[in-house]
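Source file: protein07.pdb. Holds: PDB, C-alpha atoms.
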ATOM      1  CA  MET A 144       0.000   0.000   0.000
ATOM      2  CA  THR A 145       1.282   3.449  -0.929
ATOM      3  CA  PRO A 146       1.956   5.524   2.212
ATOM      4  CA  ASP A 147       0.507   9.022   2.579
ATOM      5  CA  THR A 148       3.598  11.222   2.568
ATOM      6  CA  SER A 149       2.030  14.174   0.774
ATOM      7  CA  GLY A 150       2.634  16.512   3.746
ATOM      8  CA  TYR A 151       6.404  16.212   3.291
ATOM      9  CA  ALA A 152       6.112  16.881  -0.452
ATOM     10  CA  VAL A 153       3.979  19.982   0.132
ATOM     11  CA  ALA A 154       6.416  21.239   2.799
ATOM     12  CA  ALA A 155       9.384  20.725   0.450
ATOM     13  CA  TYR A 156       7.745  22.576  -2.450
ATOM     14  CA  VAL A 157       6.619  25.423  -0.180
ATOM     15  CA  ALA A 158      10.155  25.702   1.254
ATOM     16  CA  ALA A 159      11.702  25.749  -2.239
ATOM     17  CA  VAL A 160       9.280  28.427  -3.479
ATOM     18  CA  LEU A 161       9.946  30.519  -0.351
ATOM     19  CA  ILE A 162      13.735  30.277  -0.732
ATOM     20  CA  TYR A 163      13.796  31.046  -4.461
ATOM     21  CA  GLY A 164      11.068  33.695  -4.146
ATOM     22  CA  GLY A 165      12.775  35.224  -1.107
ATOM     23  CA  TYR A 166      16.034  35.528  -3.016
ATOM     24  CA  VAL A 167      14.316  37.206  -5.985
ATOM     25  CA  VAL A 168      12.685  39.724  -3.597
ATOM     26  CA  ALA A 169      15.988  40.296  -1.754
ATOM     27  CA  LEU A 170      17.804  40.910  -5.035
ATOM     28  CA  TRP A 171      15.090  43.316  -6.171
ATOM     29  CA  ARG A 172      15.268  45.226  -2.865
ATOM     30  CA  ARG A 173      19.069  45.462  -3.071
ATOM     31  CA  ARG A 174      18.798  46.922  -6.566
ATOM     32  CA  GLN A 175      16.168  49.392  -5.363
ATOM     33  CA  ALA A 176      18.471  50.457  -2.514
ATOM     34  CA  LEU A 177      21.274  50.894  -5.034
ATOM     35  CA  ALA A 178      19.085  53.108  -7.219
ATOM     36  CA  ARG A 179      18.494  55.459  -4.263
ATOM     37  CA  ARG A 180      22.228  56.065  -3.799
ATOM     38  CA  PRO A 181      23.905  59.104  -5.475
ATOM     39  CA  ALA A 182      24.508  58.830  -9.201
ATOM     40  CA  PRO A 183      28.016  57.869 -10.337
ATOM     41  CA  HIS A 184      30.409  60.340 -11.881
ATOM     42  CA  PRO A 185      29.944  60.243 -15.678
ATOM     43  CA  ALA A 186      33.623  59.456 -16.230
ATOM     44  CA  GLY A 187      33.670  56.711 -13.597
ATOM     45  CA  PRO A 188      35.039  56.780 -10.040
ATOM     46  CA  ARG A 189      38.646  56.242 -11.043
ATOM     47  CA  ALA A 190      38.670  59.342 -13.223
ATOM     48  CA  VAL A 191      37.700  61.703 -10.374
ATOM     49  CA  ARG A 192      40.653  63.786  -9.169
ATOM     50  CA  ASP A 193      41.299  63.779  -5.479
ATOM     51  CA  ASP A 194      42.862  67.110  -4.490
ATOM     52  CA  SER A 195      42.456  66.642  -0.780
TER      53      SER A 195
ATOM     54  CA  MET B 295      65.752  26.055 -34.055
ATOM     55  CA  GLU B 296      65.234  26.507 -30.340
ATOM     56  CA  TRP B 297      64.454  30.155 -30.956
ATOM     57  CA  SER B 298      61.899  29.582 -33.629
ATOM     58  CA  VAL B 299      60.075  26.896 -31.598
ATOM     59  CA  THR B 300      59.912  29.071 -28.481
ATOM     60  CA  ARG B 301      58.833  32.109 -30.460
ATOM     61  CA  HIS B 302      56.203  30.102 -32.294
ATOM     62  CA  SER B 303      54.829  28.723 -29.009
ATOM     63  CA  SER B 304      54.741  32.199 -27.505
ATOM     64  CA  ILE B 305      52.816  33.603 -30.468
ATOM     65  CA  ALA B 306      50.379  30.681 -30.343
ATOM     66  CA  PHE B 307      49.913  31.104 -26.600
ATOM     67  CA  ASN B 308      49.329  34.849 -26.930
ATOM     68  CA  TYR B 309      46.895  34.255 -29.776
ATOM     69  CA  ILE B 310      44.895  31.731 -27.693
ATOM     70  CA  LYS B 311      44.924  34.138 -24.744
ATOM     71  CA  TYR B 312      43.827  37.029 -27.006
ATOM     72  CA  ARG B 313      40.975  35.000 -28.538
ATOM     73  CA  SER B 314      39.899  33.754 -25.070
ATOM     74  CA  VAL B 315      39.875  37.293 -23.674
ATOM     75  CA  ILE B 316      37.816  38.574 -26.627
ATOM     76  CA  ALA B 317      35.311  35.696 -26.237
ATOM     77  CA  ILE B 318      35.004  36.209 -22.467
ATOM     78  CA  HIS B 319      34.588  39.980 -22.838
ATOM     79  CA  ARG B 320      31.911  39.536 -25.504
ATOM     80  CA  SER B 321      29.934  37.070 -23.390
ATOM     81  CA  LEU B 322      30.172  39.243 -20.274
ATOM     82  CA  ASP B 323      29.342  42.441 -22.178
ATOM     83  CA  SER B 324      26.312  40.929 -23.902
ATOM     84  CA  GLY B 325      24.836  39.962 -20.525
ATOM     85  CA  VAL B 326      25.200  43.462 -19.104
ATOM     86  CA  THR B 327      24.392  45.660 -22.061
ATOM     87  CA  ASN B 328      21.283  43.691 -22.932
ATOM     88  CA  ALA B 329      20.270  43.602 -19.277
ATOM     89  CA  LYS B 330      20.484  47.380 -19.067
ATOM     90  CA  ARG B 331      18.175  47.847 -22.020
ATOM     91  CA  THR B 332      15.530  45.251 -21.221
ATOM     92  CA  PRO B 333      13.621  44.206 -18.095
ATOM     93  CA  ASP B 334      14.362  40.834 -16.552
ATOM     94  CA  PHE B 335      12.431  38.723 -19.058
ATOM     95  CA  LEU B 336      14.798  35.822 -18.508
ATOM     96  CA  LEU B 337      14.135  35.814 -14.762
ATOM     97  CA  ALA B 338      10.375  35.978 -15.379
ATOM     98  CA  ALA B 339      10.705  33.141 -17.908
ATOM     99  CA  GLY B 340      12.652  31.109 -15.344
ATOM    100  CA  ALA B 341      10.006  31.679 -12.665
ATOM    101  CA  LEU B 342       7.232  30.661 -15.072
ATOM    102  CA  ALA B 343       9.185  27.600 -16.240
ATOM    103  CA  VAL B 344       9.726  26.461 -12.642
ATOM    104  CA  LEU B 345       6.036  27.018 -11.894
ATOM    105  CA  GLY B 346       5.181  24.858 -14.940
ATOM    106  CA  ALA B 347       7.645  22.165 -13.820
ATOM    107  CA  ILE B 348       6.077  22.127 -10.329
ATOM    108  CA  VAL B 349       2.569  21.774 -11.809
ATOM    109  CA  ARG B 350       3.776  18.926 -14.030
ATOM    110  CA  ALA B 351       5.559  17.194 -11.125
ATOM    111  CA  ILE B 352       2.596  17.419  -8.734
ATOM    112  CA  TRP B 353      -0.405  16.839 -11.005
ATOM    113  CA  PHE B 354       0.862  15.155 -14.190
ATOM    114  CA  THR B 355       3.469  12.685 -12.942
ATOM    115  CA  PRO B 356       2.543   9.322 -11.404
ATOM    116  CA  ILE B 357       3.023   8.700  -7.678
ATOM    117  CA  GLU B 358       5.802   6.268  -6.821
ATOM    118  CA  ALA B 359       4.337   3.070  -5.328
ATOM    119  CA  ARG B 360       6.565   2.579  -2.256
ATOM    120  CA  GLN B 361       7.440   6.172  -1.292
ATOM    121  CA  GLY B 362       4.138   7.897  -2.030
ATOM    122  CA  ALA B 363       3.944  11.619  -2.812
ATOM    123  CA  ALA B 364       7.220  12.339  -0.955
ATOM    124  CA  GLN B 365       9.079  10.984  -3.993
ATOM    125  CA  LYS B 366       7.952  14.125  -5.872
ATOM    126  CA  ILE B 367      10.532  16.050  -3.805
ATOM    127  CA  PHE B 368      12.949  14.409  -6.272
ATOM    128  CA  TYR B 369      11.887  16.937  -8.970
ATOM    129  CA  VAL B 370      13.015  19.929  -6.930
ATOM    130  CA  HIS B 371      15.841  18.353  -4.882
ATOM    131  CA  VAL B 372      17.808  16.824  -7.770
ATOM    132  CA  PRO B 373      17.686  19.770 -10.259
ATOM    133  CA  SER B 374      18.660  22.212  -7.476
ATOM    134  CA  ALA B 375      21.597  20.015  -6.428
ATOM    135  CA  PHE B 376      22.672  19.361 -10.021
ATOM    136  CA  ILE B 377      22.673  23.047 -10.971
ATOM    137  CA  ALA B 378      24.390  24.144  -7.742
ATOM    138  CA  LEU B 379      27.178  21.573  -7.985
ATOM    139  CA  TYR B 380      27.778  21.146 -11.694
ATOM    140  CA  VAL B 381      26.791  24.566 -13.049
ATOM    141  CA  ALA B 382      27.005  27.294 -10.368
ATOM    142  CA  PHE B 383      30.084  26.134  -8.474
ATOM    143  CA  ALA B 384      31.767  24.956 -11.690
ATOM    144  CA  LEU B 385      31.212  28.483 -13.029
ATOM    145  CA  LEU B 386      32.611  29.862  -9.758
ATOM    146  CA  ALA B 387      35.759  27.783 -10.233
ATOM    147  CA  VAL B 388      36.190  28.667 -13.924
ATOM    148  CA  SER B 389      35.591  32.396 -13.316
ATOM    149  CA  SER B 390      37.985  32.368 -10.361
ATOM    150  CA  ALA B 391      40.703  30.612 -12.361
ATOM    151  CA  LEU B 392      40.241  32.981 -15.289
ATOM    152  CA  TYR B 393      40.333  35.968 -12.931
ATOM    153  CA  LEU B 394      43.680  34.844 -11.523
ATOM    154  CA  TRP B 395      44.943  34.633 -15.106
ATOM    155  CA  LEU B 396      43.396  37.714 -16.733
ATOM    156  CA  ARG B 397      42.661  39.965 -13.693
ATOM    157  CA  ASP B 398      39.427  41.188 -15.289
ATOM    158  CA  VAL B 399      36.993  42.609 -12.712
ATOM    159  CA  ARG B 400      34.031  41.213 -14.684
ATOM    160  CA  LEU B 401      35.242  37.675 -14.037
ATOM    161  CA  ASP B 402      35.363  38.508 -10.330
ATOM    162  CA  ARG B 403      31.754  39.714 -10.535
ATOM    163  CA  MET B 404      30.754  36.534 -12.369
ATOM    164  CA  ALA B 405      32.396  34.380  -9.671
ATOM    165  CA  GLU B 406      30.652  36.381  -6.929
ATOM    166  CA  SER B 407      27.270  36.058  -8.690
ATOM    167  CA  ALA B 408      27.683  32.314  -9.350
ATOM    168  CA  ALA B 409      28.617  31.709  -5.700
ATOM    169  CA  GLU B 410      25.621  33.578  -4.315
ATOM    170  CA  VAL B 411      23.055  32.057  -6.683
ATOM    171  CA  GLY B 412      24.657  28.641  -6.196
ATOM    172  CA  LEU B 413      24.298  29.064  -2.441
ATOM    173  CA  VAL B 414      20.543  29.588  -2.925
ATOM    174  CA  PHE B 415      20.290  26.397  -4.998
ATOM    175  CA  ILE B 416      22.333  24.317  -2.555
ATOM    176  CA  SER B 417      20.224  25.708   0.320
ATOM    177  CA  VAL B 418      17.101  24.384  -1.406
ATOM    178  CA  THR B 419      18.859  21.022  -1.751
ATOM    179  CA  LEU B 420      19.748  20.958   1.951
ATOM    180  CA  VAL B 421      16.216  21.902   3.021
ATOM    181  CA  THR B 422      14.309  19.539   0.704
ATOM    182  CA  GLY B 423      16.667  16.608   1.404
ATOM    183  CA  PRO B 424      15.678  16.130   5.072
ATOM    184  CA  LEU B 425      11.998  16.588   4.150
ATOM    185  CA  TRP B 426      12.404  13.640   1.794
ATOM    186  CA  GLY B 427      14.639  11.683   4.169
ATOM    187  CA  LYS B 428      12.289  11.726   7.147
ATOM    188  CA  PRO B 429       9.450   9.626   5.608
ATOM    189  CA  ILE B 430      11.817   7.357   3.616
ATOM    190  CA  TRP B 431      14.836   6.865   5.907
ATOM    191  CA  GLY B 432      13.018   7.565   9.177
ATOM    192  CA  THR B 433      15.389  10.410  10.078
ATOM    193  CA  TRP B 434      15.744  14.068   9.139
ATOM    194  CA  TRP B 435      19.523  13.994   8.998
ATOM    195  CA  THR B 436      22.409  11.586   9.213
ATOM    196  CA  TRP B 437      26.118  12.395   9.254
ATOM    197  CA  ASP B 438      26.953  10.287   6.234
ATOM    198  CA  ALA B 439      29.587  11.345   3.679
ATOM    199  CA  ARG B 440      27.197  12.798   1.053
ATOM    200  CA  LEU B 441      25.135  14.904   3.431
ATOM    201  CA  THR B 442      28.079  16.054   5.533
ATOM    202  CA  SER B 443      30.248  17.030   2.538
ATOM    203  CA  THR B 444      27.332  18.957   0.997
ATOM    204  CA  LEU B 445      26.794  20.819   4.275
ATOM    205  CA  PHE B 446      30.537  21.510   4.390
ATOM    206  CA  LEU B 447      30.329  22.934   0.851
ATOM    207  CA  TRP B 448      27.447  25.177   1.973
ATOM    208  CA  PHE B 449      29.615  26.563   4.784
ATOM    209  CA  LEU B 450      32.579  27.019   2.411
ATOM    210  CA  VAL B 451      30.507  29.069  -0.033
ATOM    211  CA  LEU B 452      29.065  31.072   2.862
ATOM    212  CA  GLY B 453      32.661  31.673   3.996
ATOM    213  CA  TYR B 454      33.543  32.762   0.456
ATOM    214  CA  LEU B 455      30.778  35.399   0.520
ATOM    215  CA  LEU B 456      31.775  36.528   4.028
ATOM    216  CA  LEU B 457      35.393  36.846   2.880
ATOM    217  CA  ARG B 458      34.217  39.087   0.049
ATOM    218  CA  ALA B 459      32.252  41.239   2.471
ATOM    219  CA  SER B 460      35.183  41.588   4.871
ATOM    220  CA  HIS B 461      37.740  43.145   2.490
ATOM    221  CA  GLU B 462      37.754  46.814   1.544
ATOM    222  CA  ASP B 463      40.510  46.622  -1.043
ATOM    223  CA  HIS B 464      38.993  45.398  -4.304
ATOM    224  CA  ALA B 465      42.091  43.799  -5.791
ATOM    225  CA  THR B 466      42.963  41.898  -2.597
ATOM    226  CA  ARG B 467      39.356  40.808  -2.141
ATOM    227  CA  ALA B 468      39.133  39.553  -5.711
ATOM    228  CA  ARG B 469      42.444  37.670  -5.502
ATOM    229  CA  TYR B 470      41.771  35.996  -2.131
ATOM    230  CA  SER B 471      38.215  35.052  -3.048
ATOM    231  CA  ALA B 472      39.349  33.683  -6.432
ATOM    232  CA  VAL B 473      41.736  31.324  -4.634
ATOM    233  CA  LEU B 474      39.022  30.256  -2.190
ATOM    234  CA  GLY B 475      36.495  29.877  -5.038
ATOM    235  CA  LEU B 476      38.909  27.608  -6.869
ATOM    236  CA  LEU B 477      39.590  25.523  -3.762
ATOM    237  CA  THR B 478      35.853  25.185  -3.073
ATOM    238  CA  ALA B 479      35.366  23.508  -6.438
ATOM    239  CA  ILE B 480      37.760  20.711  -5.477
ATOM    240  CA  LEU B 481      35.029  19.431  -3.171
ATOM    241  CA  ILE B 482      32.551  18.889  -6.046
ATOM    242  CA  PRO B 483      34.052  15.680  -7.534
ATOM    243  CA  PHE B 484      34.459  14.371  -3.994
ATOM    244  CA  ILE B 485      30.757  15.012  -3.249
ATOM    245  CA  HIS B 486      29.824  13.238  -6.490
ATOM    246  CA  LEU B 487      31.915  10.196  -5.559
ATOM    247  CA  THR B 488      30.910   9.971  -1.870
ATOM    248  CA  VAL B 489      28.036   7.585  -2.615
ATOM    249  CA  TYR B 490      30.489   5.199  -4.314
ATOM    250  CA  LEU B 491      33.390   5.578  -1.880
ATOM    251  CA  PHE B 492      31.468   5.372   1.394
ATOM    252  CA  ARG B 493      28.536   3.448   2.803
ATOM    253  CA  THR B 494      25.824   6.132   2.823
ATOM    254  CA  LEU B 495      22.092   6.358   3.404
ATOM    255  CA  HIS B 496      21.908   8.648   0.399
ATOM    256  CA  PRO B 497      21.139   6.577  -2.719
ATOM    257  CA  GLN B 498      23.485   6.327  -5.698
ATOM    258  CA  PRO B 499      22.570   8.351  -8.818
ATOM    259  CA  ILE B 500      19.735   6.895 -10.844
ATOM    260  CA  VAL B 501      20.237   9.173 -13.864
ATOM    261  CA  LEU B 502      23.833  10.516 -13.815
ATOM    262  CA  LYS B 503      25.551   7.116 -14.079
ATOM    263  CA  PRO B 504      27.249   5.020 -16.776
ATOM    264  CA  SER B 505      24.235   2.733 -17.327
ATOM    265  CA  ALA B 506      20.727   3.756 -18.456
ATOM    266  CA  PRO B 507      18.531   5.768 -16.044
ATOM    267  CA  SER B 508      16.615   3.470 -13.692
ATOM    268  CA  LEU B 509      13.282   5.255 -13.453
ATOM    269  CA  PRO B 510      10.063   5.125 -15.530
ATOM    270  CA  PRO B 511       9.933   7.315 -18.684
ATOM    271  CA  GLU B 512       7.209   9.648 -17.277
ATOM    272  CA  MET B 513       9.369  10.371 -14.239
ATOM    273  CA  LEU B 514      12.504  10.833 -16.366
ATOM    274  CA  THR B 515      10.637  13.307 -18.617
ATOM    275  CA  THR B 516       9.450  15.319 -15.601
ATOM    276  CA  LEU B 517      12.981  15.323 -14.193
ATOM    277  CA  LEU B 518      14.429  16.617 -17.485
ATOM    278  CA  VAL B 519      11.670  19.263 -17.752
ATOM    279  CA  SER B 520      12.422  20.353 -14.176
ATOM    280  CA  LEU B 521      16.148  20.427 -14.883
ATOM    281  CA  ALA B 522      15.604  22.679 -17.916
ATOM    282  CA  ALA B 523      13.218  24.948 -15.953
ATOM    283  CA  TYR B 524      15.595  25.360 -12.993
ATOM    284  CA  LEU B 525      18.452  25.997 -15.428
ATOM    285  CA  VAL B 526      16.509  28.907 -16.972
ATOM    286  CA  LEU B 527      15.808  30.196 -13.449
ATOM    287  CA  PHE B 528      19.511  29.902 -12.608
ATOM    288  CA  VAL B 529      20.570  31.850 -15.712
ATOM    289  CA  GLY B 530      17.926  34.517 -14.957
ATOM    290  CA  LEU B 531      19.078  34.868 -11.341
ATOM    291  CA  LEU B 532      22.746  34.879 -12.355
ATOM    292  CA  ARG B 533      22.114  37.615 -14.917
ATOM    293  CA  ALA B 534      20.167  39.705 -12.389
ATOM    294  CA  ARG B 535      22.883  39.254  -9.749
ATOM    295  CA  TYR B 536      25.646  40.111 -12.220
ATOM    296  CA  ARG B 537      23.716  43.194 -13.275
ATOM    297  CA  TYR B 538      23.410  44.235  -9.606
ATOM    298  CA  ALA B 539      27.175  43.788  -9.104
ATOM    299  CA  THR B 540      27.920  45.890 -12.203
ATOM    300  CA  GLU B 541      25.628  48.709 -11.071
ATOM    301  CA  ARG B 542      27.086  48.593  -7.541
ATOM    302  CA  ASP B 543      30.667  48.775  -8.832
ATOM    303  CA  ALA B 544      29.821  51.758 -11.062
ATOM    304  CA  LEU B 545      28.847  53.812  -7.983
ATOM    305  CA  PRO B 546      31.425  55.988  -6.175
ATOM    306  CA  GLY B 547      33.545  53.711  -4.006
ATOM    307  CA  GLY B 548      33.012  50.747  -6.325
ATOM    308  CA  THR B 549      35.678  49.097  -8.445
ATOM    309  CA  GLY B 550      34.700  51.332 -11.364
ATOM    310  CA  PRO B 551      33.842  50.358 -14.916
ATOM    311  CA  ALA B 552      35.879  47.459 -16.271
TER     312      ALA B 552
END
So that I can check it, write out the structure of this file as structure tokens.
Amino acid sequence: MTPDTSGYAVAAYVAAVLIYGGYVVALWRRRQALARRPAPHPAGPRAVRDDS
Amino acid sequence: MEWSVTRHSSIAFNYIKYRSVIAIHRSLDSGVTNAKRTPDFLLAAGALAVLGAIVRAIWFTPIEARQGAAQKIFYVHVPSAFIALYVAFALLAVSSALYLWLRDVRLDRMAESAAEVGLVFISVTLVTGPLWGKPIWGTWWTWDARLTSTLFLWFLVLGYLLLRASHEDHATRARYSAVLGLLTAILIPFIHLTVYLFRTLHPQPIVLKPSAPSLPPEMLTTLLVSLAAYLVLFVGLLRARYRYATERDALPGGTGPA
């Protein structure tokens, strides 16, 4: 007789969706936080003279 | 004669290096420039593909007679493990080795992205494994060679990311993490062989083995569909993570444009 182990399968799929989904959301939030930071110098950071 | 042979070898070596650098730059550039112009269609496609694979696995694949529905964990556990070990961490090793050779910051970003996305995939493997093990083996966890070495790999990759976060100097950070990334990959063949070398609770491969796969065709089809779907998700996540790293490095205080 086939045992009823569907609870474990559901838990595994829910966990996988939460981990992958959580990472997508985390990545999106990190990019949003990056967008709120000051804009880069047009010539790139290495080209900025430091006269201090 | 000695001169001509040495000179010829040097020219050939430089030519191979030149062609390799051009090919690597083109592949890295295409990922970023296209990503800047378009939204993350690839990531959306990956998410939809995985959703389709889950629907197929749950509703359109037969239930295994002895294990019951828990066997369906196979279709998320195996693709996640396969992609983490043989794609993400292999890419980490290749990018790290190429960085040590070419010192191109884009290769460092690729290694960083592959490590982080690979860590997500191996985390799914380590979470779904015990959920499958409990009803089948009667225990959530056992310290056998396969499980322990995979957990060790998880900690190594976590250490790799912590090492990256702990260094301010970009060149030093990239060099140290490239060495650690390369060393991490040495564990992958060992993890693959653990089920042959040691007596483990974890079963031997039923698909990735010299003989024919030992599972019914419907299950094999679902596994291959899942593998393709998770691969698209991996590429989408890797592209998004690489794009994030490029944008971060372009900001003041970053490594600057490559």
Applied to the shown file, which residues does the PyMOL selection byres ((chain B and resi 341) around 9) return, written as a PDB file with C-alpha atoms, in the coordinates of the input?
ATOM      1  CA  GLY A 164      11.068  33.695  -4.146  1.00  0.00           C
TER       2      GLY A 164
ATOM      3  CA  LEU B 336      14.798  35.822 -18.508  1.00  0.00           C
ATOM      4  CA  LEU B 337      14.135  35.814 -14.762  1.00  0.00           C
ATOM      5  CA  ALA B 338      10.375  35.978 -15.379  1.00  0.00           C
ATOM      6  CA  ALA B 339      10.705  33.141 -17.908  1.00  0.00           C
ATOM      7  CA  GLY B 340      12.652  31.109 -15.344  1.00  0.00           C
ATOM      8  CA  LEU B 342       7.232  30.661 -15.072  1.00  0.00           C
ATOM      9  CA  ALA B 343       9.185  27.600 -16.240  1.00  0.00           C
ATOM     10  CA  VAL B 344       9.726  26.461 -12.642  1.00  0.00           C
ATOM     11  CA  LEU B 345       6.036  27.018 -11.894  1.00  0.00           C
ATOM     12  CA  GLY B 346       5.181  24.858 -14.940  1.00  0.00           C
ATOM     13  CA  ALA B 523      13.218  24.948 -15.953  1.00  0.00           C
ATOM     14  CA  TYR B 524      15.595  25.360 -12.993  1.00  0.00           C
ATOM     15  CA  VAL B 526      16.509  28.907 -16.972  1.00  0.00           C
ATOM     16  CA  LEU B 527      15.808  30.196 -13.449  1.00  0.00           C
ATOM     17  CA  GLY B 530      17.926  34.517 -14.957  1.00  0.00           C
TER      18      GLY B 530
END
What are the centre and edge lengths in Å, to one decimal, of the axis-aligned box around all listed atoms of region 447-461 of chain B with 4 Å added on each side, as lines of an AutoDock Vina configuration file?
center_x = 32.6
center_y = 33.0
center_z = 2.4
size_x = 18.3
size_y = 28.2
size_z = 12.9
For a quick check of your reading of the model, name the residues lying within 12 Å of the coordinate (34.1, 27.6, -6.9), counting all atoms listed in the file, and write them as a PyMOL selection string. chain B and resi 378-392+402+404-413+447-448+450-455+471-483
Can you check which parts of chain B lie within 7 Å of chain A? Per residue, the shortest pair of atoms and distance in Å to one decimal, counting only C-alpha atoms, sorted by chain and number, as JSON lines.
{"residue": "B:Ala359", "atom": "CA", "partner": "A:Thr145", "partner_atom": "CA", "distance": 5.4}
{"residue": "B:Arg360", "atom": "CA", "partner": "A:Thr145", "partner_atom": "CA", "distance": 5.5}
{"residue": "B:Gln361", "atom": "CA", "partner": "A:Pro146", "partner_atom": "CA", "distance": 6.5}
{"residue": "B:Gly362", "atom": "CA", "partner": "A:Pro146", "partner_atom": "CA", "distance": 5.3}
{"residue": "B:Ala363", "atom": "CA", "partner": "A:Ser149", "partner_atom": "CA", "distance": 4.8}
{"residue": "B:Ala364", "atom": "CA", "partner": "A:Ala152", "partner_atom": "CA", "distance": 4.7}
{"residue": "B:Lys366", "atom": "CA", "partner": "A:Ala152", "partner_atom": "CA", "distance": 6.4}
{"residue": "B:Ile367", "atom": "CA", "partner": "A:Ala152", "partner_atom": "CA", "distance": 5.6}
{"residue": "B:Val418", "atom": "CA", "partner": "A:Ala159", "partner_atom": "CA", "distance": 5.6}
{"residue": "B:Thr422", "atom": "CA", "partner": "A:Ala155", "partner_atom": "CA", "distance": 5.1}
{"residue": "B:Leu425", "atom": "CA", "partner": "A:Tyr151", "partner_atom": "CA", "distance": 5.7}
{"residue": "B:Trp426", "atom": "CA", "partner": "A:Tyr151", "partner_atom": "CA", "distance": 6.7}
{"residue": "B:Pro429", "atom": "CA", "partner": "A:Thr148", "partner_atom": "CA", "distance": 6.8}
{"residue": "B:Tyr538", "atom": "CA", "partner": "A:Arg174", "partner_atom": "CA", "distance": 6.1}
{"residue": "B:Arg542", "atom": "CA", "partner": "A:Leu177", "partner_atom": "CA", "distance": 6.7}
{"residue": "B:Ala544", "atom": "CA", "partner": "A:Pro183", "partner_atom": "CA", "distance": 6.4}
{"residue": "B:Leu545", "atom": "CA", "partner": "A:Pro183", "partner_atom": "CA", "distance": 4.8}
{"residue": "B:Pro546", "atom": "CA", "partner": "A:Pro188", "partner_atom": "CA", "distance": 5.4}
{"residue": "B:Gly547", "atom": "CA", "partner": "A:Pro188", "partner_atom": "CA", "distance": 6.9}
{"residue": "B:Gly550", "atom": "CA", "partner": "A:Pro188", "partner_atom": "CA", "distance": 5.6}
{"residue": "B:Pro551", "atom": "CA", "partner": "A:Gly187", "partner_atom": "CA", "distance": 6.5}
Residue IDs satisfying the PyMOL selection byres ((chain B and resi 496) around 8), as a PyMOL selection string
chain B and resi 438+440-441+489+494-495+497-498
A straight line from CA of Glu512 (chain B) to CA of Pro356 (chain B) spans 7.5 Å
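For the pair CA of Thr466 (chain B) and CA of Val414 (chain B), the interatomic distance is 25.6 Å.
Minimum atom-to-atom distance to Phe528 (chain B), evaluated using all atoms listed in the file, belongs to B:Phe415 out of B:Thr355, B:Phe415, B:Val372, B:Pro424.
Counting from CA of Ala375 (chain B), the distance to CA of Arg458 (chain B) is 23.8 Å.
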